[in-house]
Structure formats: C-alpha cells, structure tokens
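query.pdb (PDB, C-alpha atoms) appears below.
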ATOM      1  CA  MET J   1      92.191 132.806 113.389  1.00  0.00           C
ATOM      2  CA  ARG J   2      93.868 135.706 111.589  1.00  0.00           C
ATOM      3  CA  LEU J   3      96.412 133.296 110.090  1.00  0.00           C
ATOM      4  CA  PHE J   4      93.627 130.907 109.051  1.00  0.00           C
ATOM      5  CA  ALA J   5      91.651 133.758 107.464  1.00  0.00           C
ATOM      6  CA  LYS J   6      94.772 134.901 105.593  1.00  0.00           C
ATOM      7  CA  LYS J   7      95.295 131.333 104.362  1.00  0.00           C
ATOM      8  CA  ILE J   8      91.702 131.202 103.080  1.00  0.00           C
ATOM      9  CA  ALA J   9      92.107 134.576 101.349  1.00  0.00           C
ATOM     10  CA  THR J  10      95.339 133.375  99.711  1.00  0.00           C
ATOM     11  CA  GLU J  11      93.992 129.972  98.644  1.00  0.00           C
ATOM     12  CA  LEU J  12      90.652 131.308  97.375  1.00  0.00           C
ATOM     13  CA  PRO J  13      91.404 134.605  95.589  1.00  0.00           C
ATOM     14  CA  GLU J  14      87.977 134.633  93.898  1.00  0.00           C
ATOM     15  CA  TRP J  15      86.607 136.237  97.064  1.00  0.00           C
ATOM     16  CA  ASN J  16      88.741 139.324  96.413  1.00  0.00           C
ATOM     17  CA  VAL J  17      90.100 139.667  99.938  1.00  0.00           C
ATOM     18  CA  ASN J  18      93.680 140.861 100.152  1.00  0.00           C
ATOM     19  CA  PRO J  19      95.380 138.712 102.826  1.00  0.00           C
ATOM     20  CA  ARG J  20      97.878 141.524 103.566  1.00  0.00           C
ATOM     21  CA  THR J  21      95.176 144.021 104.513  1.00  0.00           C
ATOM     22  CA  LEU J  22      92.767 141.630 106.280  1.00  0.00           C
ATOM     23  CA  LYS J  23      91.392 143.148 109.479  1.00  0.00           C
ATOM     24  CA  PRO J  24      89.065 141.770 112.165  1.00  0.00           C
ATOM     25  CA  CYS J  25      85.367 142.607 112.004  1.00  0.00           C
ATOM     26  CA  GLY J  26      84.461 144.881 114.914  1.00  0.00           C
ATOM     27  CA  THR J  27      86.228 144.926 118.244  1.00  0.00           C
ATOM     28  CA  THR J  28      88.420 142.072 119.470  1.00  0.00           C
ATOM     29  CA  ASP J  29      87.853 142.417 123.212  1.00  0.00           C
ATOM     30  CA  ARG J  30      85.767 139.193 123.330  1.00  0.00           C
ATOM     31  CA  PHE J  31      86.619 137.288 120.147  1.00  0.00           C
ATOM     32  CA  ALA J  32      88.537 138.017 116.957  1.00  0.00           C
ATOM     33  CA  LEU J  33      86.281 137.513 113.922  1.00  0.00           C
ATOM     34  CA  TYR J  34      87.414 137.599 110.294  1.00  0.00           C
ATOM     35  CA  LYS J  35      85.247 137.206 107.197  1.00  0.00           C
ATOM     36  CA  VAL J  36      86.607 135.914 103.893  1.00  0.00           C
ATOM     37  CA  GLY J  37      83.832 135.287 101.370  1.00  0.00           C
ATOM     38  CA  PRO J  38      81.272 133.033 103.086  1.00  0.00           C
ATOM     39  CA  VAL J  39      83.753 131.867 105.759  1.00  0.00           C
ATOM     40  CA  LEU J  40      83.858 133.301 109.265  1.00  0.00           C
ATOM     41  CA  SER J  41      87.040 132.595 111.192  1.00  0.00           C
ATOM     42  CA  VAL J  42      86.524 133.216 114.914  1.00  0.00           C
ATOM     43  CA  SER J  43      88.766 132.781 117.934  1.00  0.00           C
ATOM     44  CA  HIS J  44      87.164 131.239 121.000  1.00  0.00           C
ATOM     45  CA  GLY J  45      89.633 131.254 123.845  1.00  0.00           C
ATOM     46  CA  MET J  46      90.350 128.154 125.896  1.00  0.00           C
ATOM     47  CA  GLY J  47      87.872 125.589 127.128  1.00  0.00           C
ATOM     48  CA  ILE J  48      84.274 124.546 126.791  1.00  0.00           C
ATOM     49  CA  GLY J  49      82.891 127.623 128.586  1.00  0.00           C
ATOM     50  CA  SER J  50      84.600 130.034 126.223  1.00  0.00           C
ATOM     51  CA  ILE J  51      83.605 128.221 123.032  1.00  0.00           C
ATOM     52  CA  ARG J  52      80.026 127.812 124.276  1.00  0.00           C
ATOM     53  CA  ILE J  53      79.726 131.588 124.690  1.00  0.00           C
ATOM     54  CA  MET J  54      81.207 132.192 121.232  1.00  0.00           C
ATOM     55  CA  LEU J  55      78.860 129.654 119.606  1.00  0.00           C
ATOM     56  CA  HIS J  56      75.801 131.325 121.172  1.00  0.00           C
ATOM     57  CA  GLU J  57      76.926 134.757 120.025  1.00  0.00           C
ATOM     58  CA  ILE J  58      77.902 133.700 116.488  1.00  0.00           C
ATOM     59  CA  THR J  59      74.678 131.704 116.103  1.00  0.00           C
ATOM     60  CA  LYS J  60      72.636 134.772 117.124  1.00  0.00           C
ATOM     61  CA  LEU J  61      74.647 136.892 114.686  1.00  0.00           C
ATOM     62  CA  LEU J  62      74.048 134.434 111.833  1.00  0.00           C
ATOM     63  CA  HIS J  63      70.331 134.159 112.682  1.00  0.00           C
ATOM     64  CA  HIS J  64      69.837 137.932 112.674  1.00  0.00           C
ATOM     65  CA  ALA J  65      71.837 138.186 109.425  1.00  0.00           C
ATOM     66  CA  GLY J  66      69.427 135.702 107.809  1.00  0.00           C
ATOM     67  CA  ALA J  67      72.124 133.066 107.230  1.00  0.00           C
ATOM     68  CA  LYS J  68      70.871 129.593 106.373  1.00  0.00           C
ATOM     69  CA  ASP J  69      72.474 126.177 105.982  1.00  0.00           C
ATOM     70  CA  PHE J  70      75.799 126.883 107.694  1.00  0.00           C
ATOM     71  CA  SER J  71      78.233 124.553 109.450  1.00  0.00           C
ATOM     72  CA  TYR J  72      80.681 124.944 112.290  1.00  0.00           C
ATOM     73  CA  ILE J  73      84.173 123.485 111.992  1.00  0.00           C
ATOM     74  CA  ARG J  74      86.565 123.817 114.912  1.00  0.00           C
ATOM     75  CA  ILE J  75      90.283 123.863 114.219  1.00  0.00           C
ATOM     76  CA  GLY J  76      92.694 123.762 117.115  1.00  0.00           C
ATOM     77  CA  THR J  77      95.395 121.965 118.970  1.00  0.00           C
ATOM     78  CA  CYS J  78      94.968 118.607 120.639  1.00  0.00           C
ATOM     79  CA  GLY J  79      96.961 115.882 122.305  1.00  0.00           C
ATOM     80  CA  GLY J  80      97.157 112.861 120.042  1.00  0.00           C
ATOM     81  CA  ILE J  81      96.507 109.395 121.428  1.00  0.00           C
ATOM     82  CA  GLY J  82      98.263 106.614 119.546  1.00  0.00           C
ATOM     83  CA  VAL J  83      98.955 108.805 116.506  1.00  0.00           C
ATOM     84  CA  ASP J  84     102.212 110.189 115.152  1.00  0.00           C
ATOM     85  CA  PRO J  85     103.070 113.780 116.115  1.00  0.00           C
ATOM     86  CA  GLY J  86     101.728 116.230 113.543  1.00  0.00           C
ATOM     87  CA  THR J  87      98.794 114.012 112.585  1.00  0.00           C
ATOM     88  CA  VAL J  88      95.485 115.828 112.254  1.00  0.00           C
ATOM     89  CA  VAL J  89      92.597 114.163 114.062  1.00  0.00           C
ATOM     90  CA  LEU J  90      89.227 114.537 112.350  1.00  0.00           C
ATOM     91  CA  THR J  91      86.743 114.035 115.157  1.00  0.00           C
ATOM     92  CA  GLU J  92      83.672 111.935 114.434  1.00  0.00           C
ATOM     93  CA  GLU J  93      82.252 111.976 117.951  1.00  0.00           C
ATOM     94  CA  ALA J  94      83.186 113.961 121.037  1.00  0.00           C
ATOM     95  CA  LEU J  95      83.197 112.340 124.448  1.00  0.00           C
ATOM     96  CA  ASN J  96      83.014 114.125 127.789  1.00  0.00           C
ATOM     97  CA  PRO J  97      85.586 113.312 130.528  1.00  0.00           C
ATOM     98  CA  LYS J  98      83.334 110.433 131.669  1.00  0.00           C
ATOM     99  CA  LEU J  99      83.689 108.995 128.109  1.00  0.00           C
ATOM    100  CA  GLU J 100      80.028 109.633 127.315  1.00  0.00           C
ATOM    101  CA  ALA J 101      78.918 110.965 123.927  1.00  0.00           C
ATOM    102  CA  HIS J 102      77.115 114.042 125.200  1.00  0.00           C
ATOM    103  CA  ASP J 103      77.761 117.475 126.614  1.00  0.00           C
ATOM    104  CA  GLU J 104      76.235 118.313 129.954  1.00  0.00           C
ATOM    105  CA  VAL J 105      74.837 121.765 130.685  1.00  0.00           C
ATOM    106  CA  VAL J 106      73.330 122.568 134.065  1.00  0.00           C
ATOM    107  CA  THR J 107      70.295 124.859 133.881  1.00  0.00           C
ATOM    108  CA  LEU J 108      68.001 125.617 136.795  1.00  0.00           C
ATOM    109  CA  GLY J 109      69.849 122.957 138.798  1.00  0.00           C
ATOM    110  CA  THR J 110      69.108 120.231 136.242  1.00  0.00           C
ATOM    111  CA  ILE J 111      71.563 118.507 133.920  1.00  0.00           C
ATOM    112  CA  ARG J 112      70.633 118.739 130.245  1.00  0.00           C
ATOM    113  CA  LYS J 113      72.471 116.436 127.875  1.00  0.00           C
ATOM    114  CA  HIS J 114      73.259 117.380 124.279  1.00  0.00           C
ATOM    115  CA  PRO J 115      74.468 114.685 121.821  1.00  0.00           C
ATOM    116  CA  THR J 116      77.992 115.129 120.426  1.00  0.00           C
ATOM    117  CA  THR J 117      77.912 113.065 117.249  1.00  0.00           C
ATOM    118  CA  PHE J 118      79.126 115.151 114.338  1.00  0.00           C
ATOM    119  CA  ASP J 119      77.649 115.564 110.863  1.00  0.00           C
ATOM    120  CA  THR J 120      78.819 112.446 108.980  1.00  0.00           C
ATOM    121  CA  ALA J 121      78.458 114.037 105.522  1.00  0.00           C
ATOM    122  CA  LEU J 122      80.597 117.020 106.561  1.00  0.00           C
ATOM    123  CA  THR J 123      83.156 114.760 108.237  1.00  0.00           C
ATOM    124  CA  ARG J 124      83.355 112.605 105.098  1.00  0.00           C
ATOM    125  CA  ALA J 125      83.748 115.671 102.858  1.00  0.00           C
ATOM    126  CA  LEU J 126      86.544 117.042 105.044  1.00  0.00           C
ATOM    127  CA  TYR J 127      88.296 113.675 105.007  1.00  0.00           C
ATOM    128  CA  GLU J 128      88.031 113.383 101.220  1.00  0.00           C
ATOM    129  CA  CYS J 129      89.574 116.819 100.589  1.00  0.00           C
ATOM    130  CA  ARG J 130      92.453 116.435 103.036  1.00  0.00           C
ATOM    131  CA  GLY J 131      95.183 116.296 100.401  1.00  0.00           C
ATOM    132  CA  PRO J 132      98.626 115.232 101.646  1.00  0.00           C
ATOM    133  CA  ILE J 133      97.897 116.092 105.285  1.00  0.00           C
ATOM    134  CA  PRO J 134      98.472 113.129 107.649  1.00  0.00           C
ATOM    135  CA  LEU J 135      94.966 112.652 109.028  1.00  0.00           C
ATOM    136  CA  VAL J 136      93.068 110.026 111.010  1.00  0.00           C
ATOM    137  CA  ARG J 137      89.400 109.839 111.914  1.00  0.00           C
ATOM    138  CA  GLY J 138      88.438 109.021 115.471  1.00  0.00           C
ATOM    139  CA  ASN J 139      86.844 110.233 118.646  1.00  0.00           C
ATOM    140  CA  THR J 140      88.025 113.070 120.867  1.00  0.00           C
ATOM    141  CA  VAL J 141      87.719 113.400 124.633  1.00  0.00           C
ATOM    142  CA  ALA J 142      86.987 116.992 125.668  1.00  0.00           C
ATOM    143  CA  THR J 143      88.159 117.750 129.187  1.00  0.00           C
ATOM    144  CA  ASN J 144      87.843 120.610 131.641  1.00  0.00           C
ATOM    145  CA  CYS J 145      91.512 120.493 132.593  1.00  0.00           C
ATOM    146  CA  PHE J 146      94.731 120.190 130.616  1.00  0.00           C
ATOM    147  CA  TYR J 147      96.430 118.113 133.301  1.00  0.00           C
ATOM    148  CA  GLU J 148      94.543 115.581 135.449  1.00  0.00           C
ATOM    149  CA  GLU J 149      91.617 114.978 133.083  1.00  0.00           C
ATOM    150  CA  GLN J 150      94.002 114.463 130.155  1.00  0.00           C
ATOM    151  CA  THR J 151      95.966 111.878 132.183  1.00  0.00           C
ATOM    152  CA  ARG J 152      99.111 113.996 132.153  1.00  0.00           C
ATOM    153  CA  LEU J 153     101.855 113.554 134.711  1.00  0.00           C
ATOM    154  CA  ASP J 154     103.524 116.963 134.318  1.00  0.00           C
ATOM    155  CA  GLY J 155     101.111 119.191 136.269  1.00  0.00           C
ATOM    156  CA  ALA J 156     101.879 121.081 139.465  1.00  0.00           C
ATOM    157  CA  VAL J 157     100.109 118.611 141.790  1.00  0.00           C
ATOM    158  CA  ASP J 158     100.040 114.841 142.176  1.00  0.00           C
ATOM    159  CA  PRO J 159      97.301 113.653 139.779  1.00  0.00           C
ATOM    160  CA  GLY J 160      96.369 110.673 141.949  1.00  0.00           C
ATOM    161  CA  TYR J 161      97.385 108.006 139.401  1.00  0.00           C
ATOM    162  CA  THR J 162     100.640 106.340 138.426  1.00  0.00           C
ATOM    163  CA  ARG J 163     102.373 106.175 135.050  1.00  0.00           C
ATOM    164  CA  GLU J 164     101.251 102.558 134.764  1.00  0.00           C
ATOM    165  CA  GLU J 165      97.604 103.513 135.411  1.00  0.00           C
ATOM    166  CA  GLN J 166      97.972 106.319 132.875  1.00  0.00           C
ATOM    167  CA  GLN J 167      99.263 103.915 130.208  1.00  0.00           C
ATOM    168  CA  VAL J 168      96.459 101.395 130.864  1.00  0.00           C
ATOM    169  CA  PHE J 169      93.874 104.154 130.480  1.00  0.00           C
ATOM    170  CA  LEU J 170      95.460 105.524 127.289  1.00  0.00           C
ATOM    171  CA  ARG J 171      95.407 102.010 125.784  1.00  0.00           C
ATOM    172  CA  HIS J 172      91.726 101.746 126.790  1.00  0.00           C
ATOM    173  CA  LEU J 173      91.010 105.040 125.013  1.00  0.00           C
ATOM    174  CA  GLN J 174      92.751 103.796 121.868  1.00  0.00           C
ATOM    175  CA  GLY J 175      90.693 100.600 122.062  1.00  0.00           C
ATOM    176  CA  ILE J 176      87.421 102.549 121.983  1.00  0.00           C
ATOM    177  CA  GLY J 177      88.513 104.703 119.037  1.00  0.00           C
ATOM    178  CA  VAL J 178      89.728 107.826 120.850  1.00  0.00           C
ATOM    179  CA  ARG J 179      92.544 109.571 118.980  1.00  0.00           C
ATOM    180  CA  SER J 180      92.849 112.891 120.821  1.00  0.00           C
ATOM    181  CA  TYR J 181      92.307 114.964 123.944  1.00  0.00           C
ATOM    182  CA  GLU J 182      91.358 118.635 123.906  1.00  0.00           C
ATOM    183  CA  MET J 183      89.095 121.060 125.749  1.00  0.00           C
ATOM    184  CA  GLU J 184      86.323 122.158 123.371  1.00  0.00           C
ATOM    185  CA  ALA J 185      84.970 119.262 121.275  1.00  0.00           C
ATOM    186  CA  THR J 186      81.760 118.627 123.196  1.00  0.00           C
TER
END
Mind converting the file's structure to structure tokens?
Amino acid sequence: MRLFAKKIATELPEWNVNPRTLKPCGTTDRFALYKVGPVLSVSHGMGIGSIRIMLHEITKLLHHAGAKDFSYIRIGTCGGIGVDPGTVVLTEEALNPKLEAHDEVVTLGTIRKHPTTFDTALTRALYECRGPIPLVRGNTVATNCFYEEQTRLDGAVDPGYTREEQQVFLRHLQGIGVRSYEMEAT
C-alpha cells in the first residue's frame, strides 16, 4: 500500500504530498494506512478474515471522522482464469467457494448472508479510465484456501481431484463469467 500511495502522490501532485517522505498514519502493527489527499491506502493482510477486520475498523474511523459518500476499492493479486498473464480483472460480482453471490458470516450460531454485487457505476467508471492496462470485467471467486479451493494441484496434500476434473471445473467457471480466484473479494 506504500507503493500505491506513492504512485497516487506522484500522479496527483495537487494534493501536495511528497512521495519520497510519505509515512504511514499511526502504528503499523495491525495495518499500514497512508493518506494522500482524499485517498486512504490500507493494507489488509491475507484472506477474508483479515480484510473483514480492516473494513470494520476503517469504516468506524471514517464514521467518527464524519466522512460521507466514500467507496472501497480493493487492489491485489489474483489467479486469472482464461485470461492472459498480467491482465487486470475488474470484478463485477464476487462469488463464495460454493459459487454463490453472497458472503456468509456466522453470528450467534446463525448464518447471515451479505450480497456481493459491486457498485455498477463505480465499476463502469474504473473500466472507462483504465488507459492502456489490459483489463477484463468478470466475476471473482473468493476462497478460504490458496490450494484446494482454488483448484490448484501444487499444494502439500492430495487435493482429492484430478487434473482432468480441475480443467472441467475451470472451463465451467469461465462459462459462468468467472475470470479470477483470490481470497478477499466477498
């Protein structure tokens, strides 16, 4: 997030932030947070649990600061599905590992489902300002594991499926508009 914040400071000098002297806001023992003009750049660790904690804490911070009309945009790595290496995937809808368009949170022993369809106006605006970046729009499957749930064959244990089953499933994902795997989208 430091590199992203430096990029913002370099690209948008009207905010008068020197990219060479940019420092994180506060301590970095939980998350690293940088502020450049109206943009917060925050690390979130790995996985849905980590990003969920960060989103709660940043949302509380923004609420108490009186911030209004803000958006969250996650930038991170993913495994492309049926796209050329280096292609950016702009997610329109996140799917859980069961390929459902909601996030599940268990509270008091009960599953609560939260929809994972993204803001279409924001997605469209991001797509329109992409410049020369190779970019595709599609859905993303957010998993709890980098190996078995992402149909990888290079983990430490036998995943319980064959390469042929993996390829059939990946083609199925492509057929329903999935273009990437990662661990935070929902």
Determine the residue set returned by the PyMOL selection byres ((chain J and resi 42-46) around 10) for the present structure, and present it as a VMD selection string. chain J and resid 1 to 2 4 to 5 24 to 25 28 30 to 35 39 to 41 47 to 55 58 74 to 76 144 182 to 184
Would you mind exporting the chosen residues as a short mmCIF file (atom, residue, chain, number, x, y, z; two decimals), in the coordinates of the input, restricted to C-alpha atoms?
data_model
loop_
_atom_site.label_atom_id
_atom_site.label_comp_id
_atom_site.auth_asym_id
_atom_site.auth_seq_id
_atom_site.Cartn_x
_atom_site.Cartn_y
_atom_site.Cartn_z
CA MET J 1 92.19 132.81 113.39
CA ARG J 2 93.87 135.71 111.59
CA PHE J 4 93.63 130.91 109.05
CA ALA J 5 91.65 133.76 107.46
CA PRO J 24 89.06 141.77 112.16
CA CYS J 25 85.37 142.61 112.00
CA THR J 28 88.42 142.07 119.47
CA ARG J 30 85.77 139.19 123.33
CA PHE J 31 86.62 137.29 120.15
CA ALA J 32 88.54 138.02 116.96
CA LEU J 33 86.28 137.51 113.92
CA TYR J 34 87.41 137.60 110.29
CA LYS J 35 85.25 137.21 107.20
CA VAL J 39 83.75 131.87 105.76
CA LEU J 40 83.86 133.30 109.26
CA SER J 41 87.04 132.60 111.19
CA GLY J 47 87.87 125.59 127.13
CA ILE J 48 84.27 124.55 126.79
CA GLY J 49 82.89 127.62 128.59
CA SER J 50 84.60 130.03 126.22
CA ILE J 51 83.60 128.22 123.03
CA ARG J 52 80.03 127.81 124.28
CA ILE J 53 79.73 131.59 124.69
CA MET J 54 81.21 132.19 121.23
CA LEU J 55 78.86 129.65 119.61
CA ILE J 58 77.90 133.70 116.49
CA ARG J 74 86.56 123.82 114.91
CA ILE J 75 90.28 123.86 114.22
CA GLY J 76 92.69 123.76 117.12
CA ASN J 144 87.84 120.61 131.64
CA GLU J 182 91.36 118.64 123.91
CA MET J 183 89.10 121.06 125.75
CA GLU J 184 86.32 122.16 123.37
#
_Residues within 9 Å of Thr91 in chain J, please, as JSON, numbers by chain. Count all atoms listed in the file; anything in the same chain fewer than 2 positions from it doesn't count._
{"J": [89, 93, 94, 118, 123, 136, 137, 138, 139, 140, 178, 179, 180, 185]}
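One distance worth recording is that between CA of Leu22 in chain J and CA of Val36 in chain J, which is 8.7 Å.
The two atoms in question, CA of Ala101 in chain J and CA of Gly80 in chain J, are spaced 18.7 Å apart.
For the set J:Gly82, J:His56, J:Pro159, J:Thr120, the residue with the smallest atom-to-atom gap to Ile176 in chain J is J:Gly82, counting all atoms listed in the file.
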- Using only C-alpha atoms, find the one residue out of J:Leu135, J:Glu57, J:Ala125, J:Pro97 that sits nearest to Asp84 in chain J.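 Once distances to Asp84 in chain J are computed over only C-alpha atoms, the minimum belongs to J:Leu135.
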Among J:Gly79, J:Gly86, J:Gly155, J:Pro38, Ala67 in chain J is approached most closely, using all atoms listed in the file, by J:Pro38
One decimal place gives the CA of Asn96 in chain J-CA of Leu126 in chain J separation as 23.2 Å
(message) Calculated over only C-alpha atoms, which of the candidates J:Ala65, J:Val88, J:Ile81, J:Val106 has the smallest distance to Arg152 in chain J?
(response)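 The shortest atom-to-atom distance to Arg152 in chain J comes from J:Ile81.
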To test the calculation: enclose all listed atoms of range 63-73 of chain J in a box whose edges run along x, y and z, add 6 Å on each side, then state centre and edge lengths in Å to one decimal, as lines of an AutoDock Vina configuration file.
center_x = 76.8
center_y = 130.8
center_z = 109.3
size_x = 26.7
size_y = 26.7
size_z = 18.7
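The residue that comes closest to Arg130 in chain J, out of J:Leu62, J:Thr117, J:Thr87, J:Glu14 and on the basis of all atoms listed in the file, is J:Thr87.
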